[in-house]
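Structure file coords-v4.txt (compact mmCIF, C-alpha atoms and all ligand atoms) follows.
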```txt
# COMPACT_ATOMS: atom_id res chain seq x y z
CA MET O 1 -17.52 -5.98 23.71
CA LYS O 2 -19.10 -8.83 21.88
CA ARG O 3 -17.52 -10.63 19.00
CA THR O 4 -19.94 -10.65 16.10
CA THR O 5 -19.75 -13.06 13.20
CA GLY O 6 -17.43 -10.39 11.73
CA GLN O 7 -14.68 -11.61 14.07
CA ASP O 8 -15.24 -15.33 13.61
CA ARG O 9 -12.73 -16.56 11.04
CA SER O 10 -14.57 -19.86 10.51
CA ILE O 11 -17.45 -17.77 9.11
CA THR O 12 -15.75 -14.69 7.62
CA ARG O 13 -13.16 -16.56 5.59
CA ASN O 14 -15.97 -17.93 3.45
CA TRP O 15 -17.33 -14.47 2.70
CA ARG O 16 -16.53 -12.92 -0.63
CA PRO O 17 -14.16 -9.91 -0.52
CA ALA O 18 -16.86 -7.24 -0.97
CA THR O 19 -18.67 -8.67 2.07
CA GLN O 20 -15.47 -8.81 4.11
CA ALA O 21 -14.76 -5.18 3.22
CA VAL O 22 -18.09 -4.13 4.76
CA ARG O 23 -18.37 -6.50 7.73
CA GLY O 24 -15.09 -8.29 8.37
CA GLY O 25 -13.59 -7.69 11.81
CA THR O 26 -16.66 -6.05 13.34
CA TRP O 27 -17.06 -6.20 17.13
CA ARG O 28 -20.06 -4.78 18.92
CA SER O 29 -20.37 -3.24 22.35
CA GLU O 30 -23.41 -4.01 24.52
CA GLN O 31 -25.13 -1.06 22.75
CA GLY O 32 -25.39 -3.11 19.57
CA GLU O 33 -24.13 -0.28 17.34
CA THR O 34 -24.20 -1.13 13.63
CA SER O 35 -21.28 1.12 12.65
CA GLU O 36 -17.95 0.30 14.31
CA ALA O 37 -17.37 2.17 17.59
CA MET O 38 -14.39 4.46 18.03
CA PHE O 39 -12.41 3.66 21.18
CA LEU O 40 -10.35 6.77 21.85
CA THR O 41 -8.56 5.38 24.88
CA SER O 42 -4.92 4.75 25.66
CA GLY O 43 -5.49 2.57 28.72
CA TYR O 44 -7.93 0.01 30.14
CA ALA O 45 -9.21 -0.59 33.69
CA TYR O 46 -9.45 -4.08 35.17
CA ASP O 47 -11.98 -5.68 37.51
CA ASP O 48 -9.26 -7.02 39.79
CA ALA O 49 -5.50 -7.43 40.14
CA ALA O 50 -5.50 -11.05 38.99
CA THR O 51 -6.98 -10.00 35.64
CA VAL O 52 -4.07 -7.61 35.08
CA ALA O 53 -1.58 -10.37 35.73
CA GLY O 54 -3.49 -12.81 33.52
CA ARG O 55 -3.58 -10.41 30.60
CA PHE O 56 0.09 -9.44 30.87
CA ALA O 57 1.02 -13.11 31.06
CA GLY O 58 -1.01 -13.73 27.91
CA GLU O 59 -3.27 -16.20 29.74
CA LEU O 60 -6.38 -14.02 29.61
CA GLU O 61 -7.78 -12.31 26.54
CA GLY O 62 -8.30 -8.57 26.74
CA MET O 63 -6.74 -5.19 26.26
CA THR O 64 -3.86 -3.83 28.33
CA TYR O 65 -2.63 -0.66 26.61
CA SER O 66 -3.31 0.85 23.20
CA ARG O 67 0.29 0.42 22.02
CA LEU O 68 -0.46 -3.32 22.26
CA GLN O 69 -4.16 -3.52 21.42
CA ASN O 70 -7.13 -1.22 20.83
CA PRO O 71 -10.61 -2.45 19.85
CA THR O 72 -11.08 -0.04 16.91
CA VAL O 73 -7.60 -0.74 15.59
CA ALA O 74 -8.16 -4.49 16.06
CA MET O 75 -11.29 -4.31 13.90
CA LEU O 76 -9.27 -2.71 11.10
CA GLU O 77 -6.47 -5.26 11.48
CA GLU O 78 -8.89 -8.17 11.21
CA ARG O 79 -10.61 -6.63 8.18
CA ILE O 80 -7.35 -6.01 6.31
CA ALA O 81 -6.09 -9.53 7.14
CA LEU O 82 -9.32 -11.03 5.76
CA LEU O 83 -9.14 -8.98 2.57
CA GLU O 84 -5.50 -9.86 1.98
CA GLY O 85 -6.04 -13.51 2.86
CA ALA O 86 -3.41 -13.25 5.62
CA GLU O 87 -3.38 -15.02 8.98
CA ALA O 88 -2.63 -11.80 10.82
CA CYS O 89 -2.24 -8.05 10.41
CA ARG O 90 -0.96 -5.18 12.52
CA ALA O 91 -1.90 -1.59 11.74
CA GLN O 92 0.79 1.11 11.64
CA ALA O 93 0.83 4.91 11.84
CA SER O 94 1.58 5.35 8.13
CA GLY O 95 2.71 3.42 5.09
CA MET O 96 6.32 4.29 5.83
CA ALA O 97 5.94 3.16 9.44
CA ALA O 98 4.69 -0.14 8.00
CA MET O 99 7.66 -0.49 5.61
CA THR O 100 10.18 0.39 8.34
CA ALA O 101 8.62 -2.03 10.82
CA ALA O 102 8.30 -4.85 8.25
CA LEU O 103 12.02 -4.58 7.41
CA LEU O 104 13.63 -3.70 10.75
CA CYS O 105 11.66 -6.28 12.72
CA GLN O 106 13.35 -9.10 10.81
CA LEU O 107 16.74 -7.74 9.66
CA SER O 108 19.97 -7.55 11.70
CA ALA O 109 23.48 -6.24 11.16
CA GLY O 110 25.26 -8.47 8.67
CA ASP O 111 22.09 -9.27 6.70
CA HIS O 112 21.55 -8.38 3.04
CA ILE O 113 18.41 -7.20 1.23
CA VAL O 114 17.62 -7.17 -2.51
CA ALA O 115 15.23 -4.40 -3.51
CA ALA O 116 13.54 -3.10 -6.63
CA ARG O 117 15.23 -0.09 -8.20
CA ALA O 118 11.93 1.50 -9.20
CA ALA O 119 10.15 2.28 -5.94
CA PHE O 120 8.54 4.97 -3.84
CA GLY O 121 11.25 7.51 -2.86
CA SER O 122 11.04 6.84 0.88
CA CYS O 123 11.17 3.06 0.36
CA ARG O 124 14.42 3.56 -1.54
CA TRP O 125 15.69 5.81 1.25
CA LEU O 126 15.21 2.96 3.73
CA VAL O 127 17.28 0.61 1.56
CA ASP O 128 19.90 3.16 0.45
CA ASN O 129 20.36 5.16 3.65
CA LEU O 130 18.73 3.78 6.80
CA LEU O 131 19.50 0.05 6.63
CA PRO O 132 23.23 0.50 5.77
CA ARG O 133 23.64 2.63 8.92
CA PHE O 134 22.77 -0.49 10.90
CA GLY O 135 25.02 -2.81 8.90
CA ILE O 136 22.33 -4.14 6.57
CA GLU O 137 23.57 -4.01 3.00
CA GLY O 138 21.24 -3.60 0.05
CA THR O 139 21.46 -4.43 -3.65
CA VAL O 140 19.09 -2.56 -5.92
CA ILE O 141 18.09 -4.22 -9.18
CA ASP O 142 15.83 -3.98 -12.22
CA ALA O 143 12.83 -5.73 -10.65
CA THR O 144 11.30 -6.63 -14.03
CA ASP O 145 14.31 -8.90 -14.73
CA ASN O 146 13.64 -12.19 -12.90
CA ALA O 147 17.24 -13.35 -13.41
CA ALA O 148 18.52 -10.17 -11.71
CA TRP O 149 16.80 -11.19 -8.45
CA GLU O 150 18.49 -14.58 -8.49
CA ALA O 151 21.86 -13.10 -9.45
CA ALA O 152 21.77 -10.61 -6.56
CA ILE O 153 21.34 -13.29 -3.88
CA ARG O 154 24.20 -13.69 -1.38
CA PRO O 155 24.55 -16.25 1.42
CA ASN O 156 23.29 -13.60 3.89
CA THR O 157 20.31 -12.37 1.81
CA ARG O 158 17.25 -12.35 4.07
CA VAL O 159 14.66 -10.20 2.28
CA PHE O 160 13.36 -9.34 -1.21
CA PHE O 161 11.51 -6.00 -1.20
CA TYR O 162 9.41 -4.60 -4.05
CA GLU O 163 6.20 -2.87 -5.07
CA THR O 164 4.12 -3.70 -8.14
CA PRO O 165 3.11 -1.67 -10.07
CA ALA O 166 6.04 0.56 -9.10
CA ASN O 167 5.63 4.22 -8.21
CA PRO O 168 5.82 6.14 -10.57
CA THR O 169 7.21 4.04 -13.45
CA LEU O 170 4.37 1.46 -13.34
CA GLU O 171 6.83 -1.39 -13.83
CA ILE O 172 5.34 -4.76 -12.97
CA VAL O 173 7.17 -7.43 -10.96
CA ASP O 174 6.44 -11.04 -11.95
CA MET O 175 5.32 -12.03 -8.45
CA ALA O 176 4.99 -15.79 -8.98
CA ALA O 177 8.51 -16.05 -10.42
CA VAL O 178 10.26 -13.69 -8.00
CA ASN O 179 8.54 -15.08 -4.90
CA ALA O 180 9.43 -18.63 -6.00
CA ILE O 181 13.11 -17.65 -6.27
CA ALA O 182 12.90 -16.22 -2.74
CA ARG O 183 11.20 -19.36 -1.38
CA ALA O 184 13.85 -21.60 -2.92
CA HIS O 185 16.55 -19.68 -1.03
CA GLY O 186 14.71 -19.28 2.29
CA ILE O 187 14.34 -15.53 1.66
CA THR O 188 11.31 -13.56 2.94
CA THR O 189 9.51 -11.40 0.39
CA VAL O 190 8.08 -8.07 1.55
CA VAL O 191 5.61 -6.62 -0.96
CA ASP O 192 4.37 -3.03 -0.86
CA ASN O 193 0.77 -3.40 -2.12
CA ALA O 194 -0.19 0.28 -1.79
CA PHE O 195 -1.01 0.88 -5.45
CA CYS O 196 -3.49 -1.99 -5.64
CA THR O 197 -4.78 -2.97 -2.19
CA PRO O 198 -6.25 -6.50 -1.94
CA ALA O 199 -9.26 -5.27 -3.92
CA LEU O 200 -7.05 -5.43 -7.04
CA GLN O 201 -4.15 -7.73 -6.19
CA ARG O 202 -3.38 -10.29 -3.47
CA PRO O 203 0.36 -11.01 -3.44
CA LEU O 204 -0.08 -13.93 -1.00
CA GLU O 205 -1.81 -15.82 -3.82
CA PHE O 206 1.46 -15.46 -5.76
CA GLY O 207 3.65 -16.78 -2.96
CA ALA O 208 4.59 -13.55 -1.12
CA ASP O 209 5.33 -13.71 2.62
CA VAL O 210 4.75 -10.24 4.06
CA ILE O 211 2.50 -7.50 2.69
CA ALA O 212 3.14 -3.96 3.88
CA TYR O 213 0.84 -1.08 3.18
CA SER O 214 0.13 2.49 2.95
CA ALA O 215 -3.57 2.49 3.85
CA THR O 216 -3.43 6.27 3.31
CA LYS O 217 -4.05 5.75 -0.37
CA LEU O 218 -6.90 3.68 -1.86
CA MET O 219 -7.88 2.09 1.48
CA ASP O 220 -8.92 5.38 3.10
CA GLY O 221 -9.65 6.50 -0.44
CA GLN O 222 -10.66 10.03 0.42
CA GLY O 223 -7.35 11.64 1.28
CA ARG O 224 -8.08 12.08 4.99
CA VAL O 225 -5.66 10.18 7.20
CA LEU O 226 -2.24 8.54 7.18
CA ALA O 227 -2.37 4.84 7.95
CA GLY O 228 -0.43 1.65 7.31
CA ALA O 229 -0.49 -2.07 7.99
CA VAL O 230 1.70 -5.18 7.87
CA CYS O 231 0.20 -8.60 7.05
CA GLY O 232 1.80 -12.02 7.32
CA THR O 233 1.62 -15.39 8.98
CA ALA O 234 0.50 -15.45 12.62
CA GLU O 235 4.03 -16.57 13.47
CA PHE O 236 5.67 -13.63 11.66
CA ILE O 237 3.33 -11.10 13.24
CA THR O 238 3.61 -12.57 16.75
CA GLU O 239 7.27 -13.50 16.81
CA LYS O 240 8.87 -10.81 14.63
CA LEU O 241 6.61 -7.79 14.20
CA MET O 242 4.96 -7.57 17.63
CA PRO O 243 8.14 -7.41 19.74
CA PHE O 244 9.32 -4.60 17.44
CA GLN O 245 6.01 -2.78 17.40
CA ARG O 246 5.11 -2.98 21.10
CA ASN O 247 8.52 -1.64 22.07
CA THR O 248 9.01 1.03 19.39
CA GLY O 249 5.40 2.24 19.04
CA PRO O 250 4.65 3.07 15.38
CA ASN O 251 0.94 2.54 16.19
CA LEU O 252 -2.09 3.78 14.32
CA SER O 253 -4.46 6.00 16.29
CA PRO O 254 -7.98 4.59 16.86
CA PHE O 255 -9.45 7.64 15.14
CA ASN O 256 -7.44 7.03 11.98
CA ALA O 257 -8.27 3.31 12.14
CA TRP O 258 -11.95 4.17 12.28
CA VAL O 259 -11.66 6.45 9.23
CA VAL O 260 -9.97 3.65 7.26
CA LEU O 261 -12.64 1.16 8.40
CA LYS O 262 -15.24 3.49 6.87
CA GLY O 263 -13.13 3.75 3.72
CA LEU O 264 -12.88 -0.03 3.36
CA GLU O 265 -16.69 -0.32 3.23
CA THR O 266 -16.59 1.23 -0.24
CA LEU O 267 -13.19 -0.10 -1.37
CA ASP O 268 -14.57 -2.66 -3.79
CA LEU O 269 -16.87 -0.13 -5.45
CA ARG O 270 -14.24 2.57 -5.62
CA VAL O 271 -11.36 0.58 -7.09
CA ARG O 272 -13.56 -0.63 -9.91
CA LYS O 273 -14.67 2.91 -10.74
CA HIS O 274 -11.15 4.34 -10.33
CA SER O 275 -9.83 1.66 -12.69
CA GLU O 276 -12.58 2.25 -15.24
CA ASN O 277 -12.04 6.04 -15.16
CA ALA O 278 -8.25 5.67 -15.36
CA LEU O 279 -8.61 3.47 -18.43
CA THR O 280 -10.95 5.98 -20.12
CA VAL O 281 -8.59 8.86 -19.36
CA GLY O 282 -5.58 6.72 -20.38
CA ARG O 283 -7.10 5.92 -23.77
CA PHE O 284 -7.57 9.65 -24.36
CA LEU O 285 -4.03 10.55 -23.28
CA GLU O 286 -2.52 7.74 -25.35
CA GLN O 287 -3.47 9.74 -28.46
CA ARG O 288 -1.89 12.95 -27.21
CA VAL O 289 1.38 12.18 -25.38
CA PRO O 290 4.56 10.52 -26.66
CA VAL O 291 4.72 7.90 -23.86
CA ILE O 292 2.09 6.57 -21.48
CA LEU O 293 2.89 4.06 -18.72
CA HIS O 294 -0.45 2.43 -17.91
CA PRO O 295 -0.67 -1.30 -17.08
CA GLY O 296 -4.24 -1.46 -18.43
CA LEU O 297 -3.25 -0.33 -21.93
CA GLU O 298 -2.01 -2.78 -24.55
CA CYS O 299 1.04 -0.53 -25.17
CA HIS O 300 2.41 -1.29 -21.66
CA PRO O 301 5.29 -3.75 -22.20
CA GLN O 302 4.02 -5.93 -19.33
CA HIS O 303 0.30 -5.56 -20.03
CA GLU O 304 -0.32 -9.33 -20.04
CA LEU O 305 1.58 -9.91 -16.81
CA ALA O 306 -0.36 -7.06 -15.18
CA ALA O 307 -3.63 -8.63 -16.31
CA ARG O 308 -2.60 -11.98 -14.77
CA GLN O 309 -1.80 -10.41 -11.40
CA MET O 310 -4.32 -7.57 -11.10
CA ASP O 311 -8.11 -7.77 -11.21
CA ALA O 312 -8.17 -4.31 -12.83
CA SER O 313 -5.46 -1.78 -13.64
CA GLY O 314 -6.01 0.74 -10.84
CA ALA O 315 -6.18 4.51 -10.49
CA ILE O 316 -2.60 5.52 -11.14
CA PHE O 317 -0.46 5.88 -14.25
CA SER O 318 2.23 8.13 -15.67
CA VAL O 319 2.92 9.93 -18.92
CA VAL O 320 6.22 11.19 -20.29
CA LEU O 321 6.46 14.41 -22.28
CA ASP O 322 9.33 15.26 -24.65
CA GLY O 323 9.62 18.85 -23.42
CA GLY O 324 11.10 17.96 -20.00
CA ARG O 325 10.32 19.86 -16.84
CA GLU O 326 9.22 23.02 -18.63
CA GLN O 327 6.48 21.28 -20.58
CA ALA O 328 5.43 19.09 -17.63
CA TRP O 329 5.07 22.14 -15.39
CA ALA O 330 3.21 24.05 -18.13
CA LEU O 331 0.66 21.24 -18.26
CA LEU O 332 0.30 21.15 -14.47
CA ASP O 333 -0.08 24.92 -14.22
CA ALA O 334 -2.85 24.91 -16.84
CA LEU O 335 -5.06 22.40 -14.96
CA LYS O 336 -8.39 23.78 -13.77
CA LEU O 337 -10.14 20.74 -12.29
CA ILE O 338 -7.39 18.23 -11.54
CA ASP O 339 -5.32 19.29 -8.52
CA ILE O 340 -1.54 19.52 -8.49
CA SER O 341 -0.91 17.11 -5.63
CA ASN O 342 1.51 14.31 -4.87
CA ASN O 343 -1.03 12.12 -3.05
CA ILE O 344 -2.66 9.10 -4.71
CA GLY O 345 -5.68 6.89 -4.08
CA ASP O 346 -7.87 9.94 -3.42
CA ALA O 347 -11.40 10.29 -4.83
CA ARG O 348 -10.11 13.51 -6.42
CA SER O 349 -7.98 13.43 -9.54
CA LEU O 350 -4.45 14.57 -8.73
CA MET O 351 -1.37 15.09 -10.83
CA CYS O 352 2.26 15.54 -9.84
CA HIS O 353 5.76 15.91 -11.24
CA PRO O 354 7.69 13.09 -9.51
CA ALA O 355 11.16 14.47 -10.33
CA THR O 356 10.52 17.60 -8.24
CA SER O 357 8.28 16.04 -5.58
CA THR O 358 8.04 12.36 -4.56
CA HIS O 359 11.42 11.48 -6.11
CA HIS O 360 13.23 14.79 -5.54
CA ASN O 361 15.41 13.31 -2.76
CA MET O 362 16.85 10.60 -5.01
CA GLY O 363 18.98 13.07 -6.98
CA ALA O 364 19.21 13.31 -10.77
CA GLU O 365 21.41 10.23 -11.09
CA GLY O 366 19.16 8.04 -8.95
CA ARG O 367 16.11 9.19 -10.88
CA ALA O 368 17.76 8.51 -14.22
CA ALA O 369 18.66 4.95 -13.13
CA MET O 370 15.08 4.42 -12.04
CA GLY O 371 13.57 5.84 -15.22
CA VAL O 372 12.04 8.94 -13.63
CA GLY O 373 12.77 11.70 -16.12
CA ASP O 374 11.99 15.42 -15.98
CA GLY O 375 9.17 15.01 -18.50
CA MET O 376 7.25 12.49 -16.36
CA LEU O 377 3.88 13.31 -14.82
CA ARG O 378 1.96 10.91 -12.55
CA LEU O 379 -1.81 10.98 -12.52
CA ASN O 380 -4.21 9.63 -9.91
CA VAL O 381 -7.57 9.34 -11.62
CA GLY O 382 -10.38 10.00 -9.16
CA LEU O 383 -14.09 9.37 -9.07
CA GLU O 384 -15.20 12.46 -10.98
CA ASP O 385 -16.94 12.07 -14.35
CA PRO O 386 -14.10 11.10 -16.72
CA ALA O 387 -15.55 13.40 -19.41
CA ASP O 388 -14.78 16.39 -17.17
CA LEU O 389 -11.26 15.10 -16.53
CA ILE O 390 -10.67 14.65 -20.27
CA GLU O 391 -11.90 18.19 -20.97
CA ASP O 392 -9.51 19.55 -18.36
CA LEU O 393 -6.58 17.52 -19.69
CA ASP O 394 -7.44 18.49 -23.26
CA GLN O 395 -7.15 22.21 -22.54
CA ALA O 396 -4.04 21.73 -20.35
CA LEU O 397 -2.31 19.66 -23.06
CA SER O 398 -3.07 22.42 -25.58
CA ALA O 399 -1.69 25.05 -23.20
CA ALA O 400 1.50 22.95 -22.95
CA GLY O 401 1.77 22.79 -26.74
CA LEU O 402 0.48 19.24 -27.18
C1 LIG L 501 2.46 6.47 -0.34
C2 LIG L 501 3.29 5.26 -0.47
C3 LIG L 501 4.05 4.82 0.62
C4 LIG L 501 4.10 5.55 1.93
O1 LIG L 501 2.89 5.61 2.59
P1 LIG L 501 2.50 6.75 3.65
O2 LIG L 501 1.18 6.33 4.17
O3 LIG L 501 2.49 8.04 2.91
O4 LIG L 501 3.57 6.74 4.70
C5 LIG L 501 4.80 3.68 0.44
N1 LIG L 501 4.79 3.01 -0.73
C6 LIG L 501 4.07 3.42 -1.79
C7 LIG L 501 4.09 2.63 -3.06
C8 LIG L 501 3.28 4.55 -1.69
O5 LIG L 501 2.56 4.95 -2.74
```

Could you rewrite the structure in this file as structure tokens?
Amino acid sequence: MKRTTGQDRSITRNWRPATQAVRGGTWRSEQGETSEAMFLTSGYAYDDAATVAGRFAGELEGMTYSRLQNPTVAMLEERIALLEGAEACRAQASGMAAMTAALLCQLSAGDHIVAARAAFGSCRWLVDNLLPRFGIEGTVIDATDNAAWEAAIRPNTRVFFYETPANPTLEIVDMAAVNAIARAHGITTVVDNAFCTPALQRPLEFGADVIAYSATKLMDGQGRVLAGAVCGTAEFITEKLMPFQRNTGPNLSPFNAWVVLKGLETLDLRVRKHSENALTVGRFLEQRVPVILHPGLECHPQHELAARQMDASGAIFSVVLDGGREQAWALLDALKLIDISNNIGDARSLMCHPATSTHHNMGAEGRAAMGVGDGMLRLNVGLEDPADLIEDLDQALSAAGL
């Protein structure tokens, strides 16, 4: 394996993001392949016994076992770190593996975490159910209220945890303000950047500490594989995340890493088009539904904050219908082009009913507190021609009596 300029930080850090997305992190074998090679191997053979000892002691560079390092996975990790502007990154088997690792690697019994109330269902499950079983208490707050973050701090608060925009309410967290509160109290912020990816939003620029991902969504971008990643300082990744990861094994397979590497090549192109299409479709829906939650539309209460933090407004937004579950389901069942699917970040347009899918497990009370009502529908706007999407929505809205 030969390091190309793609691995040399002194060169790559000067590249613009679209260049990093295509070339960052690339290594080449002696064959000189242009596209990244896929190393489907769990183990590595050594030239001699001393090399084994040197690598295990950390004195020699090189691979030892794919739970610790794999060349294809390492290429993805370097590329994501470059895009996010982070010192280091470690890939994970899924977005939820990334969230779990990012939290458990640094929290211990007796610690306290403050988390956003509006969040992906499984992220809330970690805070509400998993962490308390290990003596880590959580306080869940309205993440759009900066004072609520400060008020929830206790002497043992170690982590702030949020996503912005939030899934599926599209609430925006004021990153600069909230991260500054955390900094002032020595608290680590963990930001779930799944909705945006670094192509749209780089939380480190707003003072965040750790970025955790689902790379399943816009990063793969074609709905093929589950993948995740955690980014942070070299110290955080080496001292906190790696001991957790190498001994618990939530690793990404080299095949899935390779698929995401291919996805990243077109990330910059895709997020722009997704955002443009989602805005076109949003402007149409704005005229036809009682409530639309879309950070790119002027009617979003935090539209200006979103514009300060995000380069464009992304693929995903929600609408709320007055007729509850019955009307929401009627609209879904009338769709002919857009799929009923709870995934996001796919090139295909997908629509789902969060109350009976992604947020089903939270219970009616939890959903009500979070603002996920029975009339809410979440839409991932894909890369199809938006005129076709609007035609499909038009007839489905009519079928649902709108
Ligand atoms: C999808 C998603 C996750 C979980 O990611 P997986 O790759 O499905 O495990 C976490 N957070 C947010 C905001 C998501 O959209």

Would you mind reading off the distance between atom CA of O:Leu76 and atom CA of O:Phe39, one decimal, in Å?
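About the pair atom CA of O:Leu76 and atom CA of O:Phe39: they are 12.3 Å apart.
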
Counting all atoms listed in the file, which residues have an atom no more than 12 Å from (8.8, -10.2, 3.3) in the file's coordinates? Please list them as an NGL selection string.
:O and (98-107 or 113-115 or 157-163 or 178-179 or 182-183 or 186-193 or 203-204 or 207-212 or 230-233 or 236-237 or 240-241)

Residues just named, written with C-alpha atoms as a compact mmCIF listing (two decimals), in the coordinates of the input:
```
# COMPACT_ATOMS: atom_id res chain seq x y z
CA ALA O 98 4.69 -0.14 8.00
CA MET O 99 7.66 -0.49 5.61
CA THR O 100 10.18 0.39 8.34
CA ALA O 101 8.62 -2.03 10.82
CA ALA O 102 8.30 -4.85 8.25
CA LEU O 103 12.02 -4.58 7.41
CA LEU O 104 13.63 -3.70 10.75
CA CYS O 105 11.66 -6.28 12.72
CA GLN O 106 13.35 -9.10 10.81
CA LEU O 107 16.74 -7.74 9.66
CA ILE O 113 18.41 -7.20 1.23
CA VAL O 114 17.62 -7.17 -2.51
CA ALA O 115 15.23 -4.40 -3.51
CA THR O 157 20.31 -12.37 1.81
CA ARG O 158 17.25 -12.35 4.07
CA VAL O 159 14.66 -10.20 2.28
CA PHE O 160 13.36 -9.34 -1.21
CA PHE O 161 11.51 -6.00 -1.20
CA TYR O 162 9.41 -4.60 -4.05
CA GLU O 163 6.20 -2.87 -5.07
CA VAL O 178 10.26 -13.69 -8.00
CA ASN O 179 8.54 -15.08 -4.90
CA ALA O 182 12.90 -16.22 -2.74
CA ARG O 183 11.20 -19.36 -1.38
CA GLY O 186 14.71 -19.28 2.29
CA ILE O 187 14.34 -15.53 1.66
CA THR O 188 11.31 -13.56 2.94
CA THR O 189 9.51 -11.40 0.39
CA VAL O 190 8.08 -8.07 1.55
CA VAL O 191 5.61 -6.62 -0.96
CA ASP O 192 4.37 -3.03 -0.86
CA ASN O 193 0.77 -3.40 -2.12
CA PRO O 203 0.36 -11.01 -3.44
CA LEU O 204 -0.08 -13.93 -1.00
CA GLY O 207 3.65 -16.78 -2.96
CA ALA O 208 4.59 -13.55 -1.12
CA ASP O 209 5.33 -13.71 2.62
CA VAL O 210 4.75 -10.24 4.06
CA ILE O 211 2.50 -7.50 2.69
CA ALA O 212 3.14 -3.96 3.88
CA VAL O 230 1.70 -5.18 7.87
CA CYS O 231 0.20 -8.60 7.05
CA GLY O 232 1.80 -12.02 7.32
CA THR O 233 1.62 -15.39 8.98
CA PHE O 236 5.67 -13.63 11.66
CA ILE O 237 3.33 -11.10 13.24
CA LYS O 240 8.87 -10.81 14.63
CA LEU O 241 6.61 -7.79 14.20
```

Can you tell me, as a PyMOL selection string, what residues are no more than 10 Å from O:Ile316 when counting all atoms listed in the file, ignoring any on the same chain fewer than 6 positions away?
chain O and resi 165+167-168+170+195-196+274-275+278-279+282+293-295+344-345+349-351+378-382

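Atom to atom, atom CA of O:Leu305 and atom CA of O:Asn146 stand 12.9 Å apart.
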
Kindly work out which residues sit at most 6 Å from ligand LIG 501 (chain L), using all atoms listed in the file, and give the list as JSON, numbers by chain.
{"O": [94, 95, 96, 120, 167, 194, 195, 214, 216, 226, 227, 228]}

Report, in Å with one decimal, the straight-line distance from atom CA of O:Asp333 to atom CA of O:Ala396.
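Computing it gives 8.0 Å between the two atoms.
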
Counting all atoms listed in the file, which residues in stretch 291-339 of chain O sit no more than 12 Å from stretch 356-359 of chain O? For each one, give the nearest pair of atoms and the distance in Å, sorted by chain then residue number, as a Markdown table.
```
| residue | atom | partner | partner_atom | distance |
| --- | --- | --- | --- | --- |
| O:Gly324 | CA | O:Thr356 | CA | 11.8 |
| O:Arg325 | CA | O:Thr356 | CA | 8.9 |
| O:Glu326 | CA | O:Thr356 | CA | 11.8 |
| O:Ala328 | CA | O:Thr356 | CA | 10.8 |
| O:Trp329 | CA | O:Thr356 | CA | 10.1 |
```

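The neighbours of O:Arg272 here are the residues that come within 12 Å of it, using all atoms listed in the file and leaving out any residue fewer than 3 positions away in the same chain; they are Ala18, Cys196, Thr197, Ala199, Leu200, Leu218, Thr266, Leu267, Asp268, Leu269, Ser275, Glu276, Asn277, Ala278, Leu279, Met310, Asp311, Ala312, Ser313, Gly314, Ala315, Val381, Gly382 and Leu383 of chain O.
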
Exercise: O:Gly24 partners within 8 Å, all atoms listed in the file, chain neighbours under 5 positions left out, as a PyMOL selection string:
chain O and resi 6-7+12+19+75+78-79+82

Among O:Gln222, O:Thr4, O:Thr280, O:Asn70, O:Leu264 is approached most closely, using only C-alpha atoms, by O:Gln222

Of the residues O:Gly135, O:Gly249, O:Gly85, O:Gly43, which is the one nearest to O:Gln201, using all atoms listed in the file?
O:Gly85

Filled-in N, CA, C and O atoms of stretch 48-54 of chain O, supplied as a CSV table (one decimal), in the coordinates of the input:
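What landed in result_34.csv:
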```
chain,number,residue,atom,x,y,z
O,48,ASP,N,-10.0,-6.7,38.6
O,48,ASP,CA,-9.3,-7.0,39.8
O,48,ASP,C,-7.8,-7.2,39.4
O,48,ASP,O,-7.5,-7.3,38.2
O,49,ALA,N,-6.9,-7.3,40.4
O,49,ALA,CA,-5.5,-7.4,40.1
O,49,ALA,C,-5.1,-8.7,39.4
O,49,ALA,O,-4.2,-8.7,38.5
O,50,ALA,N,-5.8,-9.8,39.7
O,50,ALA,CA,-5.5,-11.0,39.0
O,50,ALA,C,-5.7,-11.0,37.5
O,50,ALA,O,-5.0,-11.6,36.7
O,51,THR,N,-6.7,-10.2,37.1
O,51,THR,CA,-7.0,-10.0,35.6
O,51,THR,C,-5.8,-9.3,35.0
O,51,THR,O,-5.4,-9.7,33.8
O,52,VAL,N,-5.2,-8.3,35.6
O,52,VAL,CA,-4.1,-7.6,35.1
O,52,VAL,C,-3.0,-8.6,34.8
O,52,VAL,O,-2.4,-8.7,33.7
O,53,ALA,N,-2.7,-9.4,35.8
O,53,ALA,CA,-1.6,-10.4,35.7
O,53,ALA,C,-1.9,-11.4,34.6
O,53,ALA,O,-1.0,-11.7,33.8
O,54,GLY,N,-3.1,-11.8,34.5
O,54,GLY,CA,-3.5,-12.8,33.5
O,54,GLY,C,-3.3,-12.3,32.1
O,54,GLY,O,-2.8,-12.9,31.2
```
